[in-house]
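> Contents of coords_32.txt (compact mmCIF, C-alpha atoms):
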```txt
# COMPACT_ATOMS: atom_id res chain seq x y z
CA MET A 1 0.00 0.00 0.00
CA GLN A 2 1.55 3.28 -1.13
CA GLN A 3 1.66 5.83 1.68
CA TYR A 4 1.13 9.51 0.90
CA GLU A 5 1.04 12.52 3.18
CA ASN A 6 -2.57 13.65 3.70
CA VAL A 7 -4.01 10.29 2.55
CA PHE A 8 -5.68 8.31 5.33
CA TYR A 9 -6.88 4.71 5.06
CA ILE A 10 -9.70 3.96 7.47
CA THR A 11 -9.25 0.80 9.54
CA HIS A 12 -12.35 0.80 11.77
CA PRO A 13 -13.90 -2.71 11.94
CA LEU A 14 -17.45 -1.40 11.53
CA ILE A 15 -16.52 0.32 8.27
CA LYS A 16 -14.77 -2.81 6.98
CA HIS A 17 -17.81 -4.94 7.81
CA LYS A 18 -20.25 -2.58 6.11
CA ILE A 19 -18.08 -2.31 3.00
CA SER A 20 -18.15 -6.10 2.71
CA ARG A 21 -21.95 -5.94 2.68
CA LEU A 22 -21.79 -3.28 -0.03
CA ARG A 23 -19.67 -5.49 -2.26
CA ASP A 24 -22.15 -8.38 -2.22
CA LYS A 25 -24.12 -8.33 -5.47
CA SER A 26 -27.13 -9.74 -3.62
CA THR A 27 -27.38 -6.62 -1.40
CA GLY A 28 -30.55 -4.81 -2.51
CA THR A 29 -31.04 -1.12 -3.20
CA ASN A 30 -32.56 -0.21 0.17
CA GLU A 31 -29.82 -1.90 2.21
CA PHE A 32 -27.10 -0.61 -0.11
CA ARG A 33 -28.34 2.96 0.25
CA SER A 34 -28.48 2.65 4.05
CA LEU A 35 -25.00 1.17 4.22
CA VAL A 36 -23.51 3.98 2.12
CA GLU A 37 -25.03 6.55 4.47
CA GLU A 38 -23.84 4.70 7.57
CA ILE A 39 -20.29 4.35 6.22
CA ALA A 40 -20.22 8.05 5.32
CA MET A 41 -21.23 8.95 8.88
CA LEU A 42 -18.52 6.73 10.39
CA MET A 43 -15.89 8.11 7.99
CA GLY A 44 -17.05 11.65 8.66
CA TYR A 45 -16.61 11.12 12.39
CA GLU A 46 -12.92 10.40 11.79
CA ALA A 47 -12.36 12.98 9.05
CA LEU A 48 -13.83 15.85 11.09
CA SER A 49 -11.79 15.21 14.23
CA ASP A 50 -9.72 18.35 13.58
CA LEU A 51 -12.58 20.85 13.33
CA PRO A 52 -11.66 24.05 15.24
CA LEU A 53 -13.40 24.78 18.54
CA GLU A 54 -14.12 27.88 20.58
CA ASP A 55 -15.52 28.23 24.09
CA VAL A 56 -18.95 29.77 24.67
CA GLU A 57 -20.89 30.38 27.85
CA VAL A 58 -23.75 27.96 28.51
CA GLU A 59 -26.10 27.86 31.48
CA THR A 60 -26.68 24.31 32.67
CA PRO A 61 -29.43 23.41 35.18
CA ILE A 62 -26.72 23.77 37.83
CA GLU A 63 -24.56 26.77 36.83
CA LYS A 64 -22.99 28.73 34.01
CA CYS A 65 -19.89 27.33 32.37
CA MET A 66 -17.61 27.77 29.38
CA THR A 67 -17.88 24.87 26.97
CA PRO A 68 -16.57 24.18 23.42
CA VAL A 69 -18.52 24.47 20.16
CA ILE A 70 -17.36 24.31 16.54
CA SER A 71 -15.97 27.71 15.59
CA GLY A 72 -16.09 29.70 12.38
CA ARG A 73 -18.34 29.18 9.38
CA LYS A 74 -20.24 25.96 9.19
CA LEU A 75 -19.21 22.98 7.16
CA ALA A 76 -19.90 22.66 3.44
CA ILE A 77 -20.66 19.22 2.00
CA VAL A 78 -20.18 18.87 -1.75
CA PRO A 79 -21.27 15.55 -3.27
CA ILE A 80 -20.08 14.70 -6.76
CA LEU A 81 -23.31 13.84 -8.58
CA ARG A 82 -24.89 11.53 -8.65
CA ALA A 83 -23.44 8.81 -6.43
CA GLY A 84 -22.06 11.32 -3.93
CA LEU A 85 -25.62 12.14 -2.92
CA GLY A 86 -25.75 8.77 -1.18
CA MET A 87 -23.07 9.88 1.29
CA THR A 88 -24.45 13.34 2.02
CA GLY A 89 -27.03 12.29 4.59
CA GLY A 90 -24.39 10.54 6.67
CA ILE A 91 -22.32 13.70 7.02
CA LEU A 92 -25.42 15.83 7.63
CA SER A 93 -26.39 13.54 10.51
CA LEU A 94 -23.16 14.63 12.20
CA VAL A 95 -23.39 18.33 11.30
CA PRO A 96 -27.07 19.15 10.51
CA SER A 97 -26.26 22.86 10.05
CA ALA A 98 -23.83 22.18 7.19
CA LYS A 99 -24.51 23.78 3.82
CA VAL A 100 -24.69 21.54 0.77
CA GLY A 101 -23.32 22.29 -2.70
CA HIS A 102 -23.33 20.06 -5.77
CA ILE A 103 -20.90 19.30 -8.58
CA GLY A 104 -22.23 17.31 -11.52
CA MET A 105 -19.84 15.02 -13.36
CA TYR A 106 -20.35 12.13 -15.73
CA ARG A 107 -17.79 9.77 -17.20
CA ASP A 108 -17.35 9.59 -20.96
CA GLU A 109 -17.78 5.90 -21.72
CA GLU A 110 -15.15 5.96 -24.48
CA THR A 111 -12.40 8.13 -23.01
CA HIS A 112 -13.26 7.46 -19.31
CA GLU A 113 -12.61 11.18 -18.74
CA PRO A 114 -14.95 13.25 -16.51
CA GLN A 115 -17.31 15.78 -18.05
CA GLU A 116 -18.72 18.54 -15.82
CA TYR A 117 -22.31 19.67 -16.28
CA TYR A 118 -23.20 21.48 -13.01
CA CYS A 119 -21.52 23.41 -10.18
CA LYS A 120 -23.33 25.18 -7.33
CA LEU A 121 -21.48 25.93 -4.09
CA PRO A 122 -22.46 27.61 -0.79
CA ASP A 123 -21.39 31.23 -0.44
CA PRO A 124 -18.95 32.23 0.94
CA ILE A 125 -17.13 28.99 0.20
CA ASP A 126 -13.67 30.29 1.13
CA GLU A 127 -14.55 30.49 4.86
CA ARG A 128 -15.78 26.92 5.20
CA THR A 129 -14.29 23.49 5.72
CA ILE A 130 -15.40 21.65 2.57
CA VAL A 131 -16.06 17.91 2.51
CA VAL A 132 -16.23 16.48 -1.02
CA VAL A 133 -17.86 13.04 -1.14
CA ASP A 134 -17.99 10.32 -3.81
CA PRO A 135 -18.29 6.60 -3.01
CA MET A 136 -15.75 5.54 -5.65
CA LEU A 137 -12.31 6.96 -6.45
CA ALA A 138 -11.44 5.13 -9.68
CA THR A 139 -9.30 7.02 -12.20
CA GLY A 140 -9.39 10.09 -9.96
CA GLY A 141 -10.45 12.35 -12.83
CA SER A 142 -13.79 13.43 -11.38
CA ALA A 143 -12.34 14.11 -7.93
CA VAL A 144 -9.42 16.10 -9.35
CA ASP A 145 -11.70 18.22 -11.55
CA ALA A 146 -14.31 18.76 -8.81
CA ILE A 147 -11.69 19.96 -6.33
CA SER A 148 -10.14 22.20 -9.00
CA GLN A 149 -13.56 23.79 -9.51
CA ILE A 150 -13.97 24.36 -5.77
CA LYS A 151 -10.54 26.00 -5.59
CA MET A 152 -11.41 28.22 -8.56
CA HIS A 153 -14.42 29.43 -6.56
CA GLY A 154 -12.20 30.22 -3.56
CA GLY A 155 -12.33 27.01 -1.52
CA LYS A 156 -9.24 26.45 0.61
CA LYS A 157 -9.67 23.84 3.35
CA ILE A 158 -10.88 20.73 1.50
CA LYS A 159 -11.31 17.10 2.52
CA PHE A 160 -12.24 14.25 0.16
CA LEU A 161 -14.03 11.11 1.34
CA CYS A 162 -14.49 7.93 -0.72
CA ILE A 163 -15.66 4.51 0.39
CA ILE A 164 -13.54 2.55 -2.10
CA GLY A 165 -10.45 3.78 -3.94
CA ALA A 166 -8.15 2.39 -6.60
CA PRO A 167 -4.38 2.97 -6.26
CA GLU A 168 -4.42 4.82 -9.60
CA GLY A 169 -7.06 7.25 -8.39
CA VAL A 170 -5.45 7.88 -5.01
CA LYS A 171 -2.12 8.62 -6.70
CA LYS A 172 -3.66 10.98 -9.27
CA LEU A 173 -5.68 12.89 -6.67
CA HIS A 174 -2.74 13.24 -4.31
CA GLU A 175 -0.42 14.46 -7.06
CA ALA A 176 -2.95 17.01 -8.33
CA HIS A 177 -4.04 18.27 -4.88
CA PRO A 178 -1.44 17.34 -2.22
CA ASP A 179 -2.97 19.87 0.19
CA VAL A 180 -6.33 18.02 0.28
CA GLN A 181 -6.90 15.46 3.03
CA VAL A 182 -8.10 12.21 1.40
CA TYR A 183 -9.95 9.57 3.43
CA VAL A 184 -10.33 6.10 1.88
CA GLY A 185 -12.60 3.45 3.40
CA GLN A 186 -10.91 0.62 1.49
CA LEU A 187 -8.06 0.59 -1.03
CA ASP A 188 -8.78 -2.00 -3.73
CA ARG A 189 -6.40 -3.81 -6.09
CA CYS A 190 -6.56 -1.97 -9.43
CA LEU A 191 -8.66 -0.68 -12.32
CA ASN A 192 -9.70 -3.02 -15.14
CA GLU A 193 -9.65 -2.21 -18.87
CA ASN A 194 -12.97 -0.37 -18.51
CA ALA A 195 -11.63 1.75 -15.62
CA TYR A 196 -13.81 0.00 -13.03
CA ILE A 197 -12.36 -0.72 -9.60
CA CYS A 198 -11.50 -4.39 -8.91
CA PRO A 199 -12.91 -6.09 -6.93
CA GLY A 200 -15.05 -2.99 -6.30
CA LEU A 201 -18.81 -3.13 -5.94
CA GLY A 202 -20.12 -2.27 -9.40
CA ASP A 203 -21.66 1.08 -10.31
CA ALA A 204 -22.33 2.85 -7.01
CA GLY A 205 -24.85 5.28 -8.53
CA ASP A 206 -26.91 2.50 -10.10
CA ARG A 207 -26.92 0.51 -6.88
CA ILE A 208 -27.84 3.51 -4.71
CA PHE A 209 -30.70 4.65 -6.92
CA GLY A 210 -31.81 1.30 -8.32
CA THR A 211 -31.08 2.19 -11.95
CA LYS A 212 -29.24 0.36 -14.71
```
Mind converting the file's structure to structure tokens?

Amino acid sequence: MQQYENVFYITHPLIKHKISRLRDKSTGTNEFRSLVEEIAMLMGYEALSDLPLEDVEVETPIEKCMTPVISGRKLAIVPILRAGLGMTGGILSLVPSAKVGHIGMYRDEETHEPQEYYCKLPDPIDERTIVVVDPMLATGGSAVDAISQIKMHGGKKIKFLCIIGAPEGVKKLHEAHPDVQVYVGQLDRCLNENAYICPGLGDAGDRIFGTK
């Protein structure tokens, strides 16, 4: 396993177990969708451990005290459409006040290169911690382009979360954006000739939304 600065491979047993359920081709749409959301929440718990805090005064039933809350602008969650939508609810369950943007990408079936068709981000984006989510990091093209778009709009502190990554995608994303923290639920073996992750879990978007 290639080690890169700012790339973190999640080792929590609950995440490993749930990813194994995702892989199973017999796992139906409803369970698959729930598992993606649960994994995103568990990964988000780890990825957001460095959020800045500030003390505020709170009055408990006993007395007043100073106690920590998240400081600064709220979080921004940016799913890469469409599969990234499946992870959004998991992060929102941790930080319900987070703003949500969207970046639309699709993969050209011949070139395997990403094509952008939509970008809408919370304003001001430059003052927020931004969590970009996409279940699969295959070639890395969509993630690289999405993060480039966010930076063009002023985004600075960016994290990327994927459930399954291929070595090729992790390498490409790290080389293009070494300042971005990348969290990978499971690093798989390789990409096949069609640029699908092996062993992977198939098309995450189709399995989340029940489409073919």
> Using only C-alpha atoms, which of A:Gly205, A:Gly210, A:Pro199, A:Pro135 sits nearest Asp24 of chain A?
A:Pro199
> For segment 71-75 of chain A, find every residue with an atom within 12 Å (counting only C-alpha atoms), except residues of its own chain fewer than 4 positions away, and show them as an MDAnalysis selection string.
chainID A and resid 44 48 50:56 67 91:92 94:101 121:132 155 157:159
> When you count all atoms listed in the file, which of these residues is closest to Pro167 of chain A: A:Val78, A:Met43, A:Val133, A:Leu187?
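Between A:Val78, A:Met43, A:Val133, A:Leu187, the residue approaching Pro167 of chain A most closely is A:Leu187.
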> Around (-20.7, 10.0, -3.7), as given in the file, which residues come within 8 Å? Count all atoms listed in the file and list them as number ranges by chain.
A: 79-88, 133-136, 162, 205
> Would you put the residues from that selection into a file with C-alpha atoms, as a tab-separated table (two decimals), in the coordinates of the input?

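To be explicit, this is the file written out as result34.tsv:
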```tsv
chain	number	residue	atom	x	y	z
A	79	PRO	CA	-21.27	15.55	-3.27
A	80	ILE	CA	-20.08	14.70	-6.76
A	81	LEU	CA	-23.31	13.84	-8.58
A	82	ARG	CA	-24.89	11.53	-8.65
A	83	ALA	CA	-23.44	8.81	-6.43
A	84	GLY	CA	-22.06	11.32	-3.93
A	85	LEU	CA	-25.62	12.14	-2.92
A	86	GLY	CA	-25.75	8.77	-1.18
A	87	MET	CA	-23.07	9.88	1.29
A	88	THR	CA	-24.45	13.34	2.02
A	133	VAL	CA	-17.86	13.04	-1.14
A	134	ASP	CA	-17.99	10.32	-3.81
A	135	PRO	CA	-18.29	6.60	-3.01
A	136	MET	CA	-15.75	5.54	-5.65
A	162	CYS	CA	-14.49	7.93	-0.72
A	205	GLY	CA	-24.85	5.28	-8.53
```
> What is the distance between atom CA of Met105 of chain A and atom CA of Gly154 of chain A, in Å to one decimal?
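Interatomic distance here is 19.6 Å.
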> Would you mind reading off the distance between atom CA of Phe209 of chain A and atom CA of Gln181 of chain A, one decimal, in Å?
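Rounded to one decimal, the two atoms are 28.0 Å apart.
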> For Leu35 of chain A, which residue among A:Ile197, A:Cys65, A:Ile163, A:Tyr9 is the nearest when counting only C-alpha atoms?
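The closest residue to Leu35 of chain A is A:Ile163.
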> So which residues touch Ser148 of chain A within 9 Å, counting all atoms listed in the file, skipping near sequence neighbours fewer than 4 positions away, as a list in words?
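In the requested form, the answer reads Ala143, Val144, Met152, His153, Ala176 and His177 of chain A.
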